[in-house]
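Below is run_30.txt, which holds compact mmCIF, C-alpha atoms and all ligand atoms.
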```
# COMPACT_ATOMS: atom_id res chain seq x y z
CA MET A 64 164.73 21.15 43.00
CA THR A 65 166.32 24.14 41.24
CA HIS A 66 169.18 26.35 42.38
CA ALA A 67 169.89 30.10 41.95
CA HIS A 68 173.59 29.89 41.05
CA PRO A 69 174.97 31.41 37.79
CA LEU A 70 175.18 29.10 34.78
CA HIS A 71 178.11 28.32 32.43
CA VAL A 72 180.81 29.77 34.75
CA ASP A 73 183.18 28.24 37.28
CA VAL A 74 181.83 28.92 40.76
CA GLU A 75 182.58 27.75 44.28
CA VAL A 76 179.42 26.76 46.09
CA ALA A 77 178.71 24.84 49.27
CA CYS A 78 177.77 21.26 48.39
CA LEU A 79 174.34 20.36 49.80
CA CYS A 80 175.68 16.97 50.84
CA CYS A 81 179.11 17.58 52.47
CA LEU A 82 178.43 21.34 53.01
CA ALA A 83 182.01 22.11 51.96
CA PRO A 84 182.65 24.82 49.35
CA GLN A 85 183.30 22.93 46.10
CA PRO A 86 183.90 23.89 42.49
CA PHE A 87 180.83 23.75 40.26
CA HIS A 88 180.05 24.55 36.66
CA PHE A 89 176.26 24.59 36.28
CA THR A 90 174.66 24.30 32.87
CA SER A 91 171.08 24.17 34.05
CA LEU A 92 169.05 25.49 37.00
CA SER A 93 167.96 21.93 37.66
CA ASP A 94 171.59 20.65 38.09
CA GLN A 95 172.11 19.02 41.48
CA VAL A 96 174.15 21.13 43.93
CA VAL A 97 176.12 18.07 44.99
CA CYS A 98 179.87 17.85 44.43
CA SER A 99 181.62 15.15 42.43
CA LEU A 100 182.78 13.44 45.61
CA CYS A 101 179.25 13.27 46.92
CA VAL A 102 177.32 12.11 43.86
CA HIS A 103 177.45 8.53 45.16
CA HIS A 104 176.21 9.65 48.64
CA ILE A 105 172.72 10.26 47.39
CA GLY A 106 170.37 7.60 48.67
CA ALA A 107 169.52 6.98 52.35
CA GLU A 108 171.05 3.47 52.50
CA LYS A 109 174.59 4.81 52.02
CA SER A 110 174.58 7.12 55.11
CA GLU A 111 177.41 5.40 57.04
CA ARG A 112 179.90 5.52 54.22
CA ARG A 113 178.76 9.05 53.45
CA ASP A 114 179.38 10.28 57.00
CA LEU A 115 182.82 8.67 57.14
CA GLU A 116 183.81 10.27 53.84
CA HIS A 117 182.52 13.63 55.04
CA VAL A 118 184.59 13.42 58.24
CA LYS A 119 187.67 12.49 56.19
CA LEU A 120 187.03 15.37 53.83
CA TRP A 121 186.63 17.91 56.62
CA ALA A 122 189.66 16.55 58.47
CA SER A 123 191.87 16.93 55.40
CA ARG A 124 190.45 20.38 54.73
CA TRP A 125 191.14 21.43 58.29
CA ALA A 126 194.72 20.11 58.03
CA LEU A 127 195.23 22.06 54.82
CA ALA A 128 193.82 25.22 56.36
CA GLU A 129 195.99 24.72 59.41
CA THR A 130 199.12 24.34 57.29
CA ALA A 131 198.18 27.38 55.23
CA HIS A 132 197.59 29.35 58.41
CA ALA A 133 200.94 28.28 59.86
CA ASP A 134 202.60 29.19 56.57
CA TYR A 135 200.86 32.55 56.62
CA ILE A 136 202.03 33.22 60.17
CA ALA A 137 205.59 32.21 59.30
CA GLU A 138 205.50 34.40 56.19
CA THR A 139 204.12 37.33 58.13
CA ASP A 140 206.76 36.89 60.81
CA ALA A 141 209.48 36.79 58.18
CA LEU A 142 208.00 39.88 56.54
CA LEU A 143 207.85 41.76 59.83
CA PHE A 144 211.40 40.73 60.64
CA GLY A 145 212.50 41.92 57.21
CA ARG A 146 210.71 45.24 57.69
CA ASP A 147 212.36 45.66 61.07
CA LYS A 148 215.75 45.09 59.49
CA ASP A 149 214.95 47.54 56.69
CA LEU A 150 213.84 50.14 59.21
CA THR A 151 216.97 49.72 61.28
CA ALA A 152 219.12 49.99 58.15
CA LEU A 153 217.23 53.12 57.06
CA ARG A 154 217.59 54.68 60.50
CA ASP A 155 221.31 54.00 60.39
CA GLN A 156 221.49 55.56 56.93
CA VAL A 157 219.63 58.68 58.07
CA ALA A 158 221.97 59.05 61.03
CA GLU A 159 224.97 58.54 58.75
CA LEU A 160 223.74 61.08 56.18
CA SER A 161 222.89 63.60 58.90
CA ALA A 162 226.41 63.24 60.25
CA ILE A 163 227.88 63.70 56.78
CA VAL A 164 225.74 66.78 56.07
CA ALA A 165 226.58 68.31 59.46
CA GLY A 166 230.25 67.50 58.90
CA GLN A 167 230.29 69.02 55.45
CA PHE A 168 228.58 72.14 56.69
CA THR A 169 231.20 72.58 59.37
CA ALA A 170 233.95 71.75 56.89
CA GLY A 171 232.51 74.34 54.46
CA ILE A 172 232.55 77.12 57.06
CA GLU A 173 236.03 76.12 58.19
CA GLY A 174 237.18 76.01 54.56
CA VAL A 175 236.01 79.54 53.84
CA ARG A 176 237.48 80.82 57.08
CA SER A 177 240.86 79.23 56.44
CA LEU A 178 240.82 80.61 52.91
CA LEU A 179 240.15 84.10 54.25
CA GLN A 180 242.93 83.69 56.77
CA ASN A 181 245.19 82.33 54.11
CA ASP A 182 248.57 83.94 54.16
CA LEU A 183 248.49 84.53 50.41
CA VAL A 184 245.25 86.48 50.58
CA LYS A 185 246.50 88.54 53.50
CA ARG A 186 249.77 89.24 51.76
CA ALA A 187 247.96 90.26 48.56
CA GLU A 188 245.73 92.62 50.54
CA ARG A 189 248.75 94.11 52.25
CA ASN A 190 250.54 94.56 48.92
CA THR A 191 247.48 96.21 47.38
CA GLU A 192 247.24 98.60 50.32
CA LEU A 193 250.96 99.34 50.09
CA ALA A 194 250.74 100.03 46.35
CA ARG A 195 247.72 102.28 46.90
CA ARG A 196 249.62 104.32 49.50
CA GLN A 197 252.64 104.64 47.23
CA ILE A 198 250.43 105.89 44.41
CA ASP A 199 248.77 108.36 46.81
CA TRP A 200 252.18 109.60 47.96
CA ALA A 201 253.44 110.05 44.38
CA MET A 202 250.20 111.70 43.23
CA ALA A 203 250.25 114.11 46.18
CA GLY A 204 253.77 115.11 45.05
CA ILE A 205 252.64 115.64 41.50
CA TRP A 206 249.62 117.55 42.78
CA ARG A 207 251.96 120.00 44.56
CA ILE A 208 254.02 120.47 41.39
CA GLU A 209 250.81 120.99 39.41
CA ALA A 210 249.66 123.62 41.95
CA LEU A 211 252.79 125.61 41.13
CA HIS A 212 252.90 124.86 37.39
CA HIS A 213 249.61 124.99 35.51
CA ASP A 214 248.39 127.02 32.54
CA ALA A 215 247.59 130.54 33.65
CA ALA A 216 246.34 133.60 31.73
CA ALA A 217 248.21 135.18 28.82
CA GLN A 218 249.94 132.02 27.56
CA LYS A 219 251.92 131.75 30.77
CA CYS A 220 252.59 129.02 33.28
CA SER A 221 251.37 129.87 36.79
CA CYS A 222 255.02 130.03 37.84
CA GLY A 223 255.45 133.09 35.62
CA ARG A 224 257.40 131.54 32.77
CA MET A 225 256.03 131.47 29.23
CA ALA A 226 253.91 128.43 28.42
CA GLY A 227 256.10 125.91 26.62
CA SER A 228 259.26 127.09 28.32
CA CYS A 229 258.47 125.70 31.80
CA ASP A 230 260.27 122.38 32.23
CA GLU A 231 258.28 121.39 35.32
CA SER A 232 254.96 121.93 33.52
CA ALA A 233 256.23 119.93 30.53
CA ALA A 234 257.43 117.15 32.88
CA ILE A 235 254.02 116.61 34.48
CA ASP A 236 251.98 117.12 31.28
CA PRO A 237 251.61 113.34 30.56
CA LEU A 238 250.37 112.84 34.13
CA ARG A 239 247.75 115.57 34.30
CA GLN A 240 244.81 113.32 33.29
CA ALA A 241 245.85 110.60 35.76
CA LEU A 242 246.20 113.29 38.43
CA LEU A 243 242.69 114.60 37.69
CA ASP A 244 241.24 111.05 37.92
CA TRP A 245 243.07 110.34 41.18
CA GLU A 246 241.95 113.67 42.64
CA LYS A 247 238.32 113.06 41.66
CA LYS A 248 238.38 109.56 43.16
CA ASN A 249 239.96 110.71 46.41
CA VAL A 250 237.66 113.71 46.81
CA ALA A 251 234.75 111.27 46.51
CA LEU A 252 236.35 109.04 49.18
CA LEU A 253 236.84 112.08 51.42
CA GLN A 254 233.24 113.22 51.00
CA GLY A 255 232.08 109.68 51.69
CA GLY A 256 233.96 109.76 54.99
CA ARG A 257 236.39 107.09 53.76
CA ARG A 258 240.16 106.96 53.90
CA HIS A 259 241.70 109.05 51.11
CA GLY A 260 245.18 110.01 49.88
CA LEU A 261 244.75 113.76 49.44
CA PRO A 262 247.41 115.94 51.10
CA ALA A 263 246.35 117.92 54.16
CA ASP A 264 246.59 121.23 52.25
CA HIS A 265 244.34 120.10 49.40
CA PRO A 266 241.39 122.54 49.07
CA ALA A 267 238.84 119.71 49.44
CA VAL A 268 240.46 118.61 52.73
CA LEU A 269 240.59 122.20 53.99
CA ALA A 270 236.93 122.76 53.02
CA GLN A 271 235.96 119.58 54.85
CA ARG A 272 237.83 120.73 57.94
CA ILE A 273 236.10 124.14 57.96
CA ARG A 274 232.67 122.59 57.55
ZN ZN B 301 179.90 17.16 48.62
ZN ZN B 302 178.54 13.86 50.46
ZN ZN B 303 255.91 126.61 35.58
```
Turn this file's structure into structure tokens for me.
Ligand SMILES: [Zn+2]
Ligand SMILES: [Zn+2]
Ligand SMILES: [Zn+2]
Amino acid sequence: MTHAHPLHVDVEVACLCCLAPQPFHFTSLSDQVVCSLCVHHIGAEKSERRDLEHVKLWASRWALAETAHADYIAETDALLFGRDKDLTALRDQVAELSAIVAGQFTAGIEGVRSLLQNDLVKRAERNTELARRQIDWAMAGIWRIEALHHDAAAQKCSCGRMAGSCDESAAIDPLRQALLDWEKKNVALLQGGRRHGLPADHPAVLAQRIR
């Protein structure tokens, strides 16, 4: 009787005697498909011993399988328990991180707000505003002096004195450029509808009022 199993490799095949899957290494198609435990079972006169050995074999195999199954169940339980613990830990971590992120966001907003409300910042803003008003006040004064004392026709100051002999004109000479810049800036503020430092009788203010 020949078999159809592959040759020259380790295979697990059901033994034709005990019917249990057993390791085989066939070298010929005419090799008997009978395991090493069963080689002495062949022959009708040995049937009693053969049956007893088969029962023992199957009983031990069943016990092994049972143990393996119990082990597998225990392992799976342990694995599931571990996963549960991991999941709980992860959920806790997510909650913790969410709380931290939410807290930091609130803290960030509060931080910016408190910085804006900071006394130093407020004081600096107030000082800047104060300085700006003082400059406006001084420049408006200079502007009035300049309105009375600027170069007019025929080498004369607008006040009537000869150019070069007017002390007021000479006094404001170093400030004329700064005055022009300030005037330009404030006219732009006025035309933009913003707060400006021009005096009420400045031509730009009068023109704006007429318009
Ligand atoms: Zn066998
Ligand atoms: Zn057998
Ligand atoms: Zn003058």
Exercise. Give the residue list for ligand ZN 302 (chain B) at 9 Å, counting only C-alpha atoms and all ligand atoms, as a PyMOL selection string, sorted by chain and then by residue number.
Key: chain A and resi 78-82+97-105+113-114+116-117
Selection within 7 Å of ligand ZN 303 (chain B) by all atoms listed in the file, output as a short mmCIF file (atom, residue, chain, number, x, y, z; two decimals) with C-alpha atoms, in the coordinates of the input:
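Listing of part.cif after writing:
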```
data_model
loop_
_atom_site.label_atom_id
_atom_site.label_comp_id
_atom_site.auth_asym_id
_atom_site.auth_seq_id
_atom_site.Cartn_x
_atom_site.Cartn_y
_atom_site.Cartn_z
CA LEU A 211 252.79 125.61 41.13
CA HIS A 212 252.90 124.86 37.39
CA HIS A 213 249.61 124.99 35.51
CA CYS A 220 252.59 129.02 33.28
CA SER A 221 251.37 129.87 36.79
CA CYS A 222 255.02 130.03 37.84
CA GLY A 223 255.45 133.09 35.62
CA ARG A 224 257.40 131.54 32.77
CA CYS A 229 258.47 125.70 31.80
CA ASP A 230 260.27 122.38 32.23
CA GLU A 231 258.28 121.39 35.32
CA SER A 232 254.96 121.93 33.52
#
```
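Compared by their closest atoms to Val250 (chain A), and using all atoms listed in the file, the residues A:Ala162, A:Arg195, A:Val268, A:Pro237 rank with A:Val268 nearest.
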Quiz item: Which is closer to ligand ZN 301 (chain B) than all the others in A:Ala216, A:Ala187, A:Val118, A:Met64, using all atoms listed in the file?
Solution: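 Of the candidates, the smallest distance to ligand ZN 301 (chain B) is held by A:Val118.
Going from CA of Trp206 (chain A) to CA of Pro262 (chain A) covers 8.8 Å.
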Quiz item: What is the distance, in Å and to one decimal place, between CA of Arg207 (chain A) and CA of Ala267 (chain A)?
Solution: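 Spanning CA of Arg207 (chain A) to CA of Ala267 (chain A) is a straight-line distance of 14.0 Å.
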Quiz prompt | Contacts of His265 (chain A) within 12 Å, all atoms listed in the file, excl. fewer than 6 positions in-chain, as a VMD selection string | solution = chain A and resid 202 to 204 206 to 207 209 to 210 246 249 to 250 253 259 271 to 272
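CA of Pro266 (chain A) sits 23.0 Å away from CA of Lys219 (chain A).
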Quiz item: So which one's closest to ligand ZN 301 (chain B), A:Gly227, A:Gly166, A:Gly260, A:Pro84? Using all atoms listed in the file, please.
Solution: A:Pro84
Quiz item: Out of A:Val72, A:Ala201, A:Ala83, A:Ile208, which residue has the shortest atom-to-atom distance to Trp121 (chain A) when counting only C-alpha atoms?
Solution: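 Looking only at the distances to Trp121 (chain A), the closest residue turns out to be A:Ala83.
Among the candidates A:Leu120, A:Val74, A:Val157, A:Leu115, the residue lying nearest to ligand ZN 301 (chain B) is A:Leu120 (atoms considered: only C-alpha atoms and all ligand atoms).
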How would region 226-251 of chain A read, as a PDB file, in the frame of the given file, once N, CA, C and O atoms are built in?
```pdb
ATOM      1  N   ALA A 226     254.376 129.821  28.660  1.00  0.00           N
ATOM      2  CA  ALA A 226     253.910 128.430  28.420  1.00  0.00           C
ATOM      3  C   ALA A 226     254.817 127.811  27.366  1.00  0.00           C
ATOM      4  O   ALA A 226     255.177 128.454  26.387  1.00  0.00           O
ATOM      5  N   GLY A 227     255.222 126.586  27.574  1.00  0.00           N
ATOM      6  CA  GLY A 227     256.100 125.910  26.620  1.00  0.00           C
ATOM      7  C   GLY A 227     257.559 126.043  26.989  1.00  0.00           C
ATOM      8  O   GLY A 227     258.381 125.276  26.514  1.00  0.00           O
ATOM      9  N   SER A 228     257.863 126.974  27.915  1.00  0.00           N
ATOM     10  CA  SER A 228     259.260 127.090  28.320  1.00  0.00           C
ATOM     11  C   SER A 228     259.459 126.675  29.774  1.00  0.00           C
ATOM     12  O   SER A 228     260.526 126.810  30.324  1.00  0.00           O
ATOM     13  N   CYS A 229     258.355 126.181  30.401  1.00  0.00           N
ATOM     14  CA  CYS A 229     258.470 125.700  31.800  1.00  0.00           C
ATOM     15  C   CYS A 229     258.727 124.203  31.775  1.00  0.00           C
ATOM     16  O   CYS A 229     257.871 123.410  31.361  1.00  0.00           O
ATOM     17  N   ASP A 230     259.892 123.805  32.231  1.00  0.00           N
ATOM     18  CA  ASP A 230     260.270 122.380  32.230  1.00  0.00           C
ATOM     19  C   ASP A 230     259.411 121.553  33.185  1.00  0.00           C
ATOM     20  O   ASP A 230     259.062 120.412  32.893  1.00  0.00           O
ATOM     21  N   GLU A 231     259.100 122.130  34.347  1.00  0.00           N
ATOM     22  CA  GLU A 231     258.280 121.390  35.320  1.00  0.00           C
ATOM     23  C   GLU A 231     256.903 121.087  34.741  1.00  0.00           C
ATOM     24  O   GLU A 231     256.418 119.966  34.850  1.00  0.00           O
ATOM     25  N   SER A 232     256.283 122.130  34.132  1.00  0.00           N
ATOM     26  CA  SER A 232     254.960 121.930  33.520  1.00  0.00           C
ATOM     27  C   SER A 232     255.032 120.855  32.445  1.00  0.00           C
ATOM     28  O   SER A 232     254.171 119.970  32.374  1.00  0.00           O
ATOM     29  N   ALA A 233     256.070 120.903  31.605  1.00  0.00           N
ATOM     30  CA  ALA A 233     256.230 119.930  30.530  1.00  0.00           C
ATOM     31  C   ALA A 233     256.419 118.528  31.117  1.00  0.00           C
ATOM     32  O   ALA A 233     255.908 117.535  30.588  1.00  0.00           O
ATOM     33  N   ALA A 234     257.143 118.453  32.262  1.00  0.00           N
ATOM     34  CA  ALA A 234     257.430 117.150  32.880  1.00  0.00           C
ATOM     35  C   ALA A 234     256.165 116.472  33.383  1.00  0.00           C
ATOM     36  O   ALA A 234     256.036 115.238  33.306  1.00  0.00           O
ATOM     37  N   ILE A 235     255.239 117.258  33.923  1.00  0.00           N
ATOM     38  CA  ILE A 235     254.020 116.610  34.480  1.00  0.00           C
ATOM     39  C   ILE A 235     252.871 116.558  33.473  1.00  0.00           C
ATOM     40  O   ILE A 235     251.829 115.958  33.767  1.00  0.00           O
ATOM     41  N   ASP A 236     253.055 117.131  32.291  1.00  0.00           N
ATOM     42  CA  ASP A 236     251.980 117.120  31.280  1.00  0.00           C
ATOM     43  C   ASP A 236     251.392 115.724  31.041  1.00  0.00           C
ATOM     44  O   ASP A 236     250.166 115.574  31.045  1.00  0.00           O
ATOM     45  N   PRO A 237     252.202 114.665  30.841  1.00  0.00           N
ATOM     46  CA  PRO A 237     251.610 113.340  30.560  1.00  0.00           C
ATOM     47  C   PRO A 237     250.850 112.757  31.752  1.00  0.00           C
ATOM     48  O   PRO A 237     250.135 111.759  31.595  1.00  0.00           O
ATOM     49  N   LEU A 238     251.021 113.402  32.934  1.00  0.00           N
ATOM     50  CA  LEU A 238     250.370 112.840  34.130  1.00  0.00           C
ATOM     51  C   LEU A 238     249.133 113.616  34.563  1.00  0.00           C
ATOM     52  O   LEU A 238     248.453 113.237  35.513  1.00  0.00           O
ATOM     53  N   ARG A 239     248.844 114.691  33.844  1.00  0.00           N
ATOM     54  CA  ARG A 239     247.750 115.570  34.300  1.00  0.00           C
ATOM     55  C   ARG A 239     246.396 114.853  34.335  1.00  0.00           C
ATOM     56  O   ARG A 239     245.626 115.028  35.282  1.00  0.00           O
ATOM     57  N   GLN A 240     246.110 114.021  33.315  1.00  0.00           N
ATOM     58  CA  GLN A 240     244.810 113.320  33.290  1.00  0.00           C
ATOM     59  C   GLN A 240     244.717 112.320  34.454  1.00  0.00           C
ATOM     60  O   GLN A 240     243.719 112.263  35.153  1.00  0.00           O
ATOM     61  N   ALA A 241     245.829 111.572  34.656  1.00  0.00           N
ATOM     62  CA  ALA A 241     245.850 110.600  35.760  1.00  0.00           C
ATOM     63  C   ALA A 241     245.693 111.307  37.095  1.00  0.00           C
ATOM     64  O   ALA A 241     245.004 110.811  37.998  1.00  0.00           O
ATOM     65  N   LEU A 242     246.303 112.503  37.202  1.00  0.00           N
ATOM     66  CA  LEU A 242     246.200 113.290  38.430  1.00  0.00           C
ATOM     67  C   LEU A 242     244.747 113.712  38.669  1.00  0.00           C
ATOM     68  O   LEU A 242     244.226 113.588  39.784  1.00  0.00           O
ATOM     69  N   LEU A 243     244.100 114.188  37.585  1.00  0.00           N
ATOM     70  CA  LEU A 243     242.690 114.600  37.690  1.00  0.00           C
ATOM     71  C   LEU A 243     241.814 113.443  38.161  1.00  0.00           C
ATOM     72  O   LEU A 243     240.972 113.599  39.043  1.00  0.00           O
ATOM     73  N   ASP A 244     242.032 112.246  37.553  1.00  0.00           N
ATOM     74  CA  ASP A 244     241.240 111.050  37.920  1.00  0.00           C
ATOM     75  C   ASP A 244     241.466 110.695  39.387  1.00  0.00           C
ATOM     76  O   ASP A 244     240.519 110.418  40.125  1.00  0.00           O
ATOM     77  N   TRP A 245     242.728 110.699  39.795  1.00  0.00           N
ATOM     78  CA  TRP A 245     243.070 110.340  41.180  1.00  0.00           C
ATOM     79  C   TRP A 245     242.438 111.325  42.155  1.00  0.00           C
ATOM     80  O   TRP A 245     241.885 110.962  43.176  1.00  0.00           O
ATOM     81  N   GLU A 246     242.509 112.614  41.801  1.00  0.00           N
ATOM     82  CA  GLU A 246     241.950 113.670  42.640  1.00  0.00           C
ATOM     83  C   GLU A 246     240.441 113.480  42.804  1.00  0.00           C
ATOM     84  O   GLU A 246     239.910 113.527  43.909  1.00  0.00           O
ATOM     85  N   LYS A 247     239.782 113.227  41.661  1.00  0.00           N
ATOM     86  CA  LYS A 247     238.320 113.060  41.660  1.00  0.00           C
ATOM     87  C   LYS A 247     237.931 111.885  42.566  1.00  0.00           C
ATOM     88  O   LYS A 247     237.035 111.977  43.400  1.00  0.00           O
ATOM     89  N   LYS A 248     238.657 110.781  42.391  1.00  0.00           N
ATOM     90  CA  LYS A 248     238.380 109.560  43.160  1.00  0.00           C
ATOM     91  C   LYS A 248     238.574 109.818  44.660  1.00  0.00           C
ATOM     92  O   LYS A 248     237.749 109.424  45.490  1.00  0.00           O
ATOM     93  N   ASN A 249     239.642 110.508  45.000  1.00  0.00           N
ATOM     94  CA  ASN A 249     239.960 110.710  46.410  1.00  0.00           C
ATOM     95  C   ASN A 249     239.065 111.758  47.070  1.00  0.00           C
ATOM     96  O   ASN A 249     238.784 111.675  48.264  1.00  0.00           O
ATOM     97  N   VAL A 250     238.611 112.738  46.274  1.00  0.00           N
ATOM     98  CA  VAL A 250     237.660 113.710  46.810  1.00  0.00           C
ATOM     99  C   VAL A 250     236.356 112.986  47.156  1.00  0.00           C
ATOM    100  O   VAL A 250     235.748 113.225  48.200  1.00  0.00           O
ATOM    101  N   ALA A 251     235.967 112.052  46.261  1.00  0.00           N
ATOM    102  CA  ALA A 251     234.750 111.270  46.510  1.00  0.00           C
ATOM    103  C   ALA A 251     234.910 110.438  47.782  1.00  0.00           C
ATOM    104  O   ALA A 251     233.994 110.357  48.611  1.00  0.00           O
TER     105      ALA A 251
END
```
